[in-house]
>>> print(open('upload03.cif').read())   # mmCIF, C-alpha atoms
data_input
loop_
_atom_site.label_atom_id
_atom_site.label_comp_id
_atom_site.auth_asym_id
_atom_site.auth_seq_id
_atom_site.Cartn_x
_atom_site.Cartn_y
_atom_site.Cartn_z
CA MET A 6 119.22 58.55 149.12
CA LEU A 7 119.79 58.02 145.40
CA GLY A 8 118.23 61.44 144.68
CA TRP A 9 120.73 63.24 146.91
CA ALA A 10 123.63 61.40 145.31
CA ALA A 11 122.44 62.34 141.83
CA LEU A 12 122.01 65.97 142.89
CA GLY A 13 125.53 66.02 144.35
CA MET A 14 127.00 64.48 141.18
CA GLY A 15 125.17 67.09 139.09
CA PHE A 16 126.71 69.98 141.02
CA PHE A 17 130.12 68.30 140.98
CA THR A 18 130.18 67.72 137.20
CA LYS A 19 128.80 71.22 136.47
CA ALA A 20 131.60 72.79 138.48
CA GLN A 21 134.24 70.78 136.59
CA CYS A 22 132.71 71.22 133.10
CA ALA A 23 132.16 74.95 133.54
CA GLU A 24 135.92 75.48 133.73
CA MET A 25 136.60 73.57 130.52
CA VAL A 26 133.62 74.64 128.37
CA PRO A 27 131.89 77.84 129.47
CA CYS A 28 128.23 78.03 128.67
CA LYS A 29 127.80 80.82 126.12
CA PRO A 30 124.87 81.49 123.79
CA ALA A 31 127.30 81.97 120.89
CA MET A 32 128.31 78.33 121.11
CA SER A 33 124.75 77.12 120.53
CA ARG A 34 124.00 79.55 117.69
CA GLY A 35 123.65 76.85 115.10
CA ARG A 36 124.68 77.15 111.48
CA SER A 37 125.54 80.65 110.35
CA PHE A 38 125.23 82.10 106.85
CA LYS A 39 125.76 85.39 105.05
CA LEU A 40 122.69 87.61 104.71
CA SER A 41 122.60 90.84 102.71
CA PHE A 42 120.50 93.70 104.02
CA CYS A 43 119.46 95.71 100.93
CA ILE A 44 118.59 99.15 102.27
CA HIS A 45 116.38 100.96 99.76
CA SER A 46 114.90 104.00 101.45
CA VAL A 47 113.89 105.67 104.70
CA SER A 48 111.08 108.13 105.27
CA LEU A 49 111.43 110.46 108.24
CA PRO A 50 108.62 113.03 108.57
CA ASP A 51 110.64 115.15 111.02
CA LEU A 52 113.70 115.27 108.74
CA ASN A 53 112.86 117.04 105.49
CA GLY A 54 115.74 116.64 103.03
CA ALA A 55 115.30 120.06 101.46
CA SER A 56 116.28 121.79 104.70
CA VAL A 57 118.97 119.40 105.99
CA PRO A 58 122.65 120.31 105.50
CA ALA A 59 124.74 117.72 103.63
CA ALA A 60 126.72 116.76 106.75
CA GLN A 61 123.53 115.92 108.67
CA ARG A 62 122.05 113.47 106.16
CA PRO A 63 120.99 110.16 107.73
CA TYR A 64 122.81 106.86 107.44
CA VAL A 65 121.87 103.34 108.56
CA THR A 66 123.76 101.04 110.91
CA ILE A 67 123.05 97.33 111.18
CA THR A 68 124.09 95.44 114.31
CA VAL A 69 124.03 91.66 114.64
CA GLY A 70 125.56 90.32 117.83
CA ASP A 71 128.75 92.28 118.43
CA LYS A 72 129.28 93.27 114.77
CA THR A 73 128.14 96.64 113.37
CA LYS A 74 128.28 97.97 109.80
CA GLN A 75 127.01 101.24 108.37
CA THR A 76 125.96 102.70 105.03
CA GLU A 77 127.06 105.90 103.38
CA HIS A 78 124.91 109.00 103.83
CA ALA A 79 121.54 108.91 102.05
CA ASP A 80 120.45 111.05 99.11
CA TRP A 81 117.21 113.03 99.29
CA CYS A 82 114.59 112.25 96.63
CA ARG A 83 112.33 115.30 96.35
CA GLU A 84 109.69 113.53 94.20
CA GLU A 85 109.10 110.75 96.73
CA GLY A 86 109.92 112.71 99.89
CA ARG A 87 112.28 109.94 101.06
CA TRP A 88 115.93 109.33 101.75
CA HIS A 89 117.42 106.82 99.25
CA PHE A 90 120.34 104.53 100.00
CA GLY A 91 120.55 101.80 97.36
CA GLU A 92 123.15 99.89 99.39
CA ALA A 93 123.58 96.31 100.54
CA ILE A 94 125.31 95.34 103.76
CA THR A 95 126.33 91.69 104.11
CA MET A 96 126.70 90.18 107.57
CA GLU A 97 127.12 86.69 108.98
CA VAL A 98 124.00 85.72 110.91
CA GLY A 99 122.39 82.72 112.53
CA SER A 100 118.69 81.88 112.47
CA SER A 101 118.41 82.71 116.19
CA ASP A 102 120.05 86.16 115.84
CA GLU A 103 118.35 89.54 115.84
CA ALA A 104 119.38 92.46 113.65
CA LEU A 105 119.10 96.00 114.98
CA ILE A 106 118.52 98.48 112.16
CA THR A 107 119.26 102.04 113.31
CA VAL A 108 118.88 105.30 111.38
CA VAL A 109 121.41 107.87 112.59
CA CYS A 110 122.05 111.55 111.85
CA ASN A 111 125.21 113.47 112.62
CA LYS A 112 124.84 116.42 114.94
CA GLN A 113 126.73 119.45 113.70
CA TYR A 114 126.90 123.09 114.70
CA ASN A 115 127.85 125.61 112.06
CA LEU A 116 130.05 128.26 113.61
CA VAL A 117 130.89 131.13 111.31
CA VAL A 118 134.56 130.14 111.15
CA ALA A 119 134.14 126.35 111.06
CA ALA A 120 131.63 123.53 111.38
CA LEU A 121 131.83 121.51 114.58
CA ALA A 122 130.67 117.89 114.48
CA VAL A 123 129.60 116.96 117.99
CA SER A 124 128.14 113.46 117.87
CA SER A 125 125.50 111.41 116.15
CA ARG A 126 121.94 110.90 117.27
CA CYS A 127 119.62 107.96 116.76
CA VAL A 128 116.55 108.98 114.76
CA GLY A 129 114.81 105.60 115.00
CA GLU A 130 115.45 101.87 115.10
CA ALA A 131 113.83 98.53 114.39
CA CYS A 132 114.76 95.09 115.73
CA VAL A 133 114.29 92.24 113.26
CA PRO A 134 114.53 88.57 114.29
CA ILE A 135 116.35 86.71 111.50
CA ALA A 136 114.01 83.74 112.03
CA SER A 137 111.08 85.92 110.90
CA VAL A 138 112.86 86.79 107.63
CA LEU A 139 113.73 83.23 106.61
CA PRO A 140 110.17 82.10 105.68
CA MET A 141 109.81 85.13 103.38
CA LEU A 142 112.84 84.19 101.25
CA SER A 143 111.96 82.89 97.80
CA MET A 144 114.31 81.50 95.18
CA GLU A 145 115.22 83.70 92.20
CA ASP A 146 117.37 82.78 89.21
CA ARG A 147 119.58 85.75 88.34
CA ASP A 148 121.71 85.81 85.22
CA ILE A 149 125.03 86.78 86.79
CA ASP A 150 124.57 85.68 90.43
CA GLY A 151 122.83 82.36 89.80
CA LEU A 152 120.30 81.15 92.36
CA ILE A 153 119.58 83.69 95.10
CA TYR A 154 117.04 83.56 97.91
CA ALA A 155 115.48 87.01 98.34
CA THR A 156 112.51 88.75 99.92
CA GLN A 157 110.30 91.43 98.47
CA ASP A 158 110.70 94.92 99.95
CA ILE A 159 109.69 94.88 103.61
CA THR A 160 108.76 98.08 105.41
CA PHE A 161 109.64 98.42 109.09
CA ASP A 162 108.42 101.09 111.50
CA LEU A 163 111.27 103.00 113.08
CA MET A 164 110.78 103.61 116.80
CA LYS A 165 112.46 105.90 119.31
CA ASP A 166 111.40 106.21 122.96
CA GLY A 167 108.20 104.27 122.20
CA ALA A 168 107.06 106.61 119.40
CA LYS A 169 107.06 105.92 115.66
CA THR A 170 109.57 108.24 113.98
CA GLY A 171 109.56 106.91 110.41
CA ARG A 172 109.70 103.88 108.13
CA ALA A 173 112.54 101.94 106.52
CA SER A 174 112.23 99.85 103.37
CA LEU A 175 114.61 96.87 103.12
CA ALA A 176 114.96 93.55 101.34
CA PHE A 177 117.05 90.53 102.35
CA GLU A 178 119.16 88.24 100.15
CA THR A 179 121.32 85.17 100.65
CA LYS A 180 122.80 82.34 98.64
CA GLN A 181 122.11 79.72 101.36
CA PRO A 182 119.31 80.21 103.88
#
>>> encode(input="upload03.cif", output="C-alpha coordinates")
Amino acid sequence: MLGWAALGMGFFTKAQCAEMVPCKPAMSRGRSFKLSFCIHSVSLPDLNGASVPAAQRPYVTITVGDKTKQTEHADWCREEGRWHFGEAITMEVGSSDEALITVVCNKQYNLVVAALAVSSRCVGEACVPIASVLPMLSMEDRDIDGLIYATQDITFDLMKDGAKTGRASLAFETKQP
(Lines of atoms letter the chains of each structure in order from A and count residues from 1; the text may use other names and numbers.)
(Lines give C-alpha, C1' and ligand atoms only; values in the text may rest on other atoms or scores of the structure.)
Protein backbone atom coordinates (compact mmCIF):
# COMPACT_ATOMS: atom_id res chain seq x y z
CA MET A 1 0.00 0.00 0.00
CA LEU A 2 2.82 2.38 0.89
CA GLY A 3 4.55 1.56 -2.43
CA TRP A 4 1.51 2.63 -4.46
CA ALA A 5 1.21 5.86 -2.50
CA ALA A 6 4.88 6.68 -3.08
CA LEU A 7 4.53 5.92 -6.80
CA GLY A 8 1.47 8.17 -7.02
CA MET A 9 3.27 11.00 -5.20
CA GLY A 10 6.23 10.62 -7.57
CA PHE A 11 4.05 11.08 -10.65
CA PHE A 12 2.17 13.94 -9.01
CA THR A 13 5.31 15.92 -8.05
CA LYS A 14 6.95 15.26 -11.45
CA ALA A 15 3.93 16.69 -13.24
CA GLN A 16 3.99 19.83 -11.08
CA CYS A 17 7.79 20.34 -11.16
CA ALA A 18 8.04 19.81 -14.91
CA GLU A 19 5.98 22.94 -15.49
CA MET A 20 8.20 25.10 -13.28
CA VAL A 21 11.66 23.71 -14.10
CA PRO A 22 11.90 21.79 -17.37
CA CYS A 23 14.50 19.08 -17.45
CA LYS A 24 17.14 20.15 -19.97
CA PRO A 25 20.70 18.87 -20.37
CA ALA A 26 21.96 22.46 -20.59
CA MET A 27 20.91 23.07 -17.00
CA SER A 28 23.14 20.26 -15.71
CA ARG A 29 26.17 21.19 -17.84
CA GLY A 30 28.30 22.10 -14.89
CA ARG A 31 30.89 24.87 -14.84
CA SER A 32 31.71 26.33 -18.22
CA PHE A 33 34.98 27.94 -19.31
CA LYS A 34 36.54 29.46 -22.42
CA LEU A 35 38.61 27.10 -24.56
CA SER A 36 40.65 28.19 -27.57
CA PHE A 37 40.88 25.84 -30.53
CA CYS A 38 44.23 26.63 -32.22
CA ILE A 39 43.85 25.34 -35.76
CA HIS A 40 47.29 24.82 -37.29
CA SER A 41 46.89 22.81 -40.47
CA VAL A 42 44.79 20.34 -42.44
CA SER A 43 45.99 17.75 -44.92
CA LEU A 44 43.49 16.61 -47.53
CA PRO A 45 44.89 14.15 -50.10
CA ASP A 46 41.94 14.71 -52.46
CA LEU A 47 42.32 18.50 -52.39
CA ASN A 48 45.68 19.54 -53.82
CA GLY A 49 46.24 23.25 -53.21
CA ALA A 50 48.11 23.83 -56.45
CA SER A 51 45.01 23.08 -58.51
CA VAL A 52 42.30 24.62 -56.28
CA PRO A 53 40.90 28.05 -57.17
CA ALA A 54 41.18 30.69 -54.43
CA ALA A 55 37.42 30.74 -53.80
CA GLN A 56 37.35 26.98 -53.13
CA ARG A 57 40.03 26.91 -50.43
CA PRO A 58 38.95 25.05 -47.28
CA TYR A 59 37.96 26.62 -43.98
CA VAL A 60 37.18 25.08 -40.58
CA THR A 61 33.99 25.39 -38.55
CA ILE A 62 33.79 24.49 -34.87
CA THR A 63 30.43 23.69 -33.31
CA VAL A 64 29.83 23.31 -29.58
CA GLY A 65 26.20 22.91 -28.59
CA ASP A 66 24.22 25.41 -30.62
CA LYS A 67 27.16 27.79 -31.25
CA THR A 68 29.23 27.68 -34.45
CA LYS A 69 32.32 29.70 -35.42
CA GLN A 70 34.49 29.49 -38.53
CA THR A 71 38.00 30.38 -39.64
CA GLU A 72 39.13 32.30 -42.67
CA HIS A 73 40.14 30.36 -45.77
CA ALA A 74 43.38 28.39 -45.48
CA ASP A 75 46.65 29.07 -47.31
CA TRP A 76 48.34 26.29 -49.27
CA CYS A 77 51.90 25.38 -48.20
CA ARG A 78 53.57 23.73 -51.18
CA GLU A 79 56.61 22.49 -49.18
CA GLU A 80 54.51 20.56 -46.66
CA GLY A 81 51.58 19.72 -48.93
CA ARG A 82 49.11 21.02 -46.31
CA TRP A 83 46.59 23.77 -45.81
CA HIS A 84 47.72 26.22 -43.08
CA PHE A 85 45.35 28.24 -40.90
CA GLY A 86 47.25 29.66 -37.93
CA GLU A 87 44.00 30.76 -36.26
CA ALA A 88 42.48 30.38 -32.82
CA ILE A 89 38.76 30.16 -32.18
CA THR A 90 37.61 30.70 -28.59
CA MET A 91 34.33 29.16 -27.43
CA GLU A 92 32.61 28.66 -24.11
CA VAL A 93 32.49 24.95 -23.30
CA GLY A 94 31.68 22.60 -20.46
CA SER A 95 33.57 19.43 -19.59
CA SER A 96 30.62 17.31 -20.77
CA ASP A 97 30.38 19.04 -24.19
CA GLU A 98 31.56 17.73 -27.54
CA ALA A 99 33.16 19.86 -30.23
CA LEU A 100 32.49 19.09 -33.89
CA ILE A 101 35.41 20.16 -36.07
CA THR A 102 34.37 20.35 -39.73
CA VAL A 103 36.50 21.15 -42.78
CA VAL A 104 34.39 22.80 -45.48
CA CYS A 105 35.02 23.89 -49.08
CA ASN A 106 32.91 26.28 -51.10
CA LYS A 107 31.39 24.89 -54.26
CA GLN A 108 31.73 27.28 -57.17
CA TYR A 109 31.12 27.07 -60.90
CA ASN A 110 33.10 29.34 -63.15
CA LEU A 111 30.88 30.54 -65.96
CA VAL A 112 32.67 32.57 -68.60
CA VAL A 113 30.82 35.75 -67.63
CA ALA A 114 30.77 35.28 -63.85
CA ALA A 115 31.54 32.84 -61.05
CA LEU A 116 28.53 31.28 -59.36
CA ALA A 117 28.89 30.18 -55.73
CA VAL A 118 26.37 27.41 -55.15
CA SER A 119 26.92 26.08 -51.64
CA SER A 120 29.56 24.62 -49.40
CA ARG A 121 30.40 20.97 -48.97
CA CYS A 122 31.78 19.13 -45.97
CA VAL A 123 35.16 17.58 -46.76
CA GLY A 124 35.54 15.82 -43.40
CA GLU A 125 34.79 16.15 -39.70
CA ALA A 126 35.94 14.99 -36.29
CA CYS A 127 34.01 14.95 -33.02
CA VAL A 128 36.09 15.70 -29.92
CA PRO A 129 34.77 15.22 -26.38
CA ILE A 130 36.03 18.13 -24.27
CA ALA A 131 36.53 15.73 -21.34
CA SER A 132 39.20 13.90 -23.37
CA VAL A 133 41.14 17.14 -23.93
CA LEU A 134 41.24 18.27 -20.30
CA PRO A 135 43.77 15.65 -19.04
CA MET A 136 46.18 16.66 -21.83
CA LEU A 137 46.35 20.30 -20.71
CA SER A 138 49.62 21.28 -19.07
CA MET A 139 50.51 24.58 -17.45
CA GLU A 140 52.78 26.99 -19.36
CA ASP A 141 54.13 30.33 -18.17
CA ARG A 142 53.99 32.80 -21.06
CA ASP A 143 55.54 36.23 -20.83
CA ILE A 144 52.58 38.30 -21.98
CA ASP A 145 49.62 35.99 -21.25
CA GLY A 146 50.76 34.69 -17.87
CA LEU A 147 49.78 31.14 -16.88
CA ILE A 148 48.05 29.23 -19.68
CA TYR A 149 46.96 25.59 -19.80
CA ALA A 150 47.71 24.19 -23.26
CA THR A 151 48.06 20.91 -25.11
CA GLN A 152 50.68 19.87 -27.62
CA ASP A 153 49.52 19.60 -31.24
CA ILE A 154 46.93 16.85 -31.55
CA THR A 155 46.16 15.27 -34.91
CA PHE A 156 42.61 14.13 -35.62
CA ASP A 157 41.43 11.96 -38.50
CA LEU A 158 38.77 13.67 -40.58
CA MET A 159 35.92 11.35 -41.55
CA LYS A 160 33.12 11.59 -44.09
CA ASP A 161 30.59 8.82 -44.76
CA GLY A 162 32.72 6.39 -42.72
CA ALA A 163 35.90 6.96 -44.76
CA LYS A 164 39.02 8.86 -43.70
CA THR A 165 39.36 11.97 -45.87
CA GLY A 166 42.28 13.75 -44.19
CA ARG A 167 43.88 14.91 -40.96
CA ALA A 168 43.61 18.09 -38.90
CA SER A 169 46.26 19.36 -36.50
CA LEU A 170 44.98 21.40 -33.53
CA ALA A 171 46.01 22.48 -30.06
CA PHE A 172 43.81 23.61 -27.18
CA GLU A 173 44.38 26.46 -24.70
CA THR A 174 42.56 27.92 -21.71
CA LYS A 175 43.25 30.10 -18.71
CA GLN A 176 41.06 28.00 -16.37
CA PRO A 177 40.40 24.32 -17.08
>>> atom_distance(input="upload03.cif", atom1="atom CA of A:Ile135", atom2="atom CA of A:Leu152")
20.3 Å
>>> resolve_selection(input="upload03.cif", expression="the PyMOL selection byres ((chain A and resi 52) around 10)", output="list of chain:residue names")
A:Ser48, A:Leu49, A:Pro50, A:Asp51, A:Asn53, A:Gly54, A:Ala55, A:Ser56, A:Val57, A:Gln61, A:Arg62, A:Pro63, A:Gly86, A:Arg87, A:Trp88, A:Cys110, A:Val128, A:Thr170, A:Gly171
>>> resolve_selection(input="upload03.cif", expression="the PyMOL selection byres ((chain A and resi 127) around 7)", output="PyMOL selection string")
chain A and resi 107-110+125-126+128-129
>>> closest_residue(input="upload03.cif", among="A:Glu103, A:Glu178, A:Asp162, A:Asp148", to="A:Val47", atoms="only C-alpha atoms")
A:Asp162
>>> resolve_selection(input="upload03.cif", expression="the PyMOL selection byres ((chain A and resi 173) around 6)", output="list of chain:residue names")
A:Ser46, A:Val47, A:Thr160, A:Phe161, A:Arg172, A:Ser174
>>> write_last_selection(input="upload03.cif", atoms="C-alpha atoms", output="PDB file, keeping the file's coordinate frame")
ATOM      1  CA  SER A  46     114.900 104.000 101.450  1.00  0.00           C
ATOM      2  CA  VAL A  47     113.890 105.670 104.700  1.00  0.00           C
ATOM      3  CA  THR A 160     108.760  98.080 105.410  1.00  0.00           C
ATOM      4  CA  PHE A 161     109.640  98.420 109.090  1.00  0.00           C
ATOM      5  CA  ARG A 172     109.700 103.880 108.130  1.00  0.00           C
ATOM      6  CA  SER A 174     112.230  99.850 103.370  1.00  0.00           C
TER       7      SER A 174
END
>>> atom_distance(input="upload03.cif", atom1="atom CA of A:Gly99", atom2="atom CA of A:Val138")
11.5 Å
>>> closest_residue(input="upload03.cif", among="A:Ala93, A:Lys112, A:Ala79, A:Glu145", to="A:Ser124", atoms="all atoms listed in the file")
A:Lys112
>>> atom_distance(input="upload03.cif", atom1="atom CA of A:His78", atom2="atom CA of A:Cys132")
20.9 Å
>>> closest_residue(input="upload03.cif", among="A:Ile149, A:Cys82, A:Leu139, A:Val69", to="A:Phe177", atoms="only C-alpha atoms")
A:Leu139
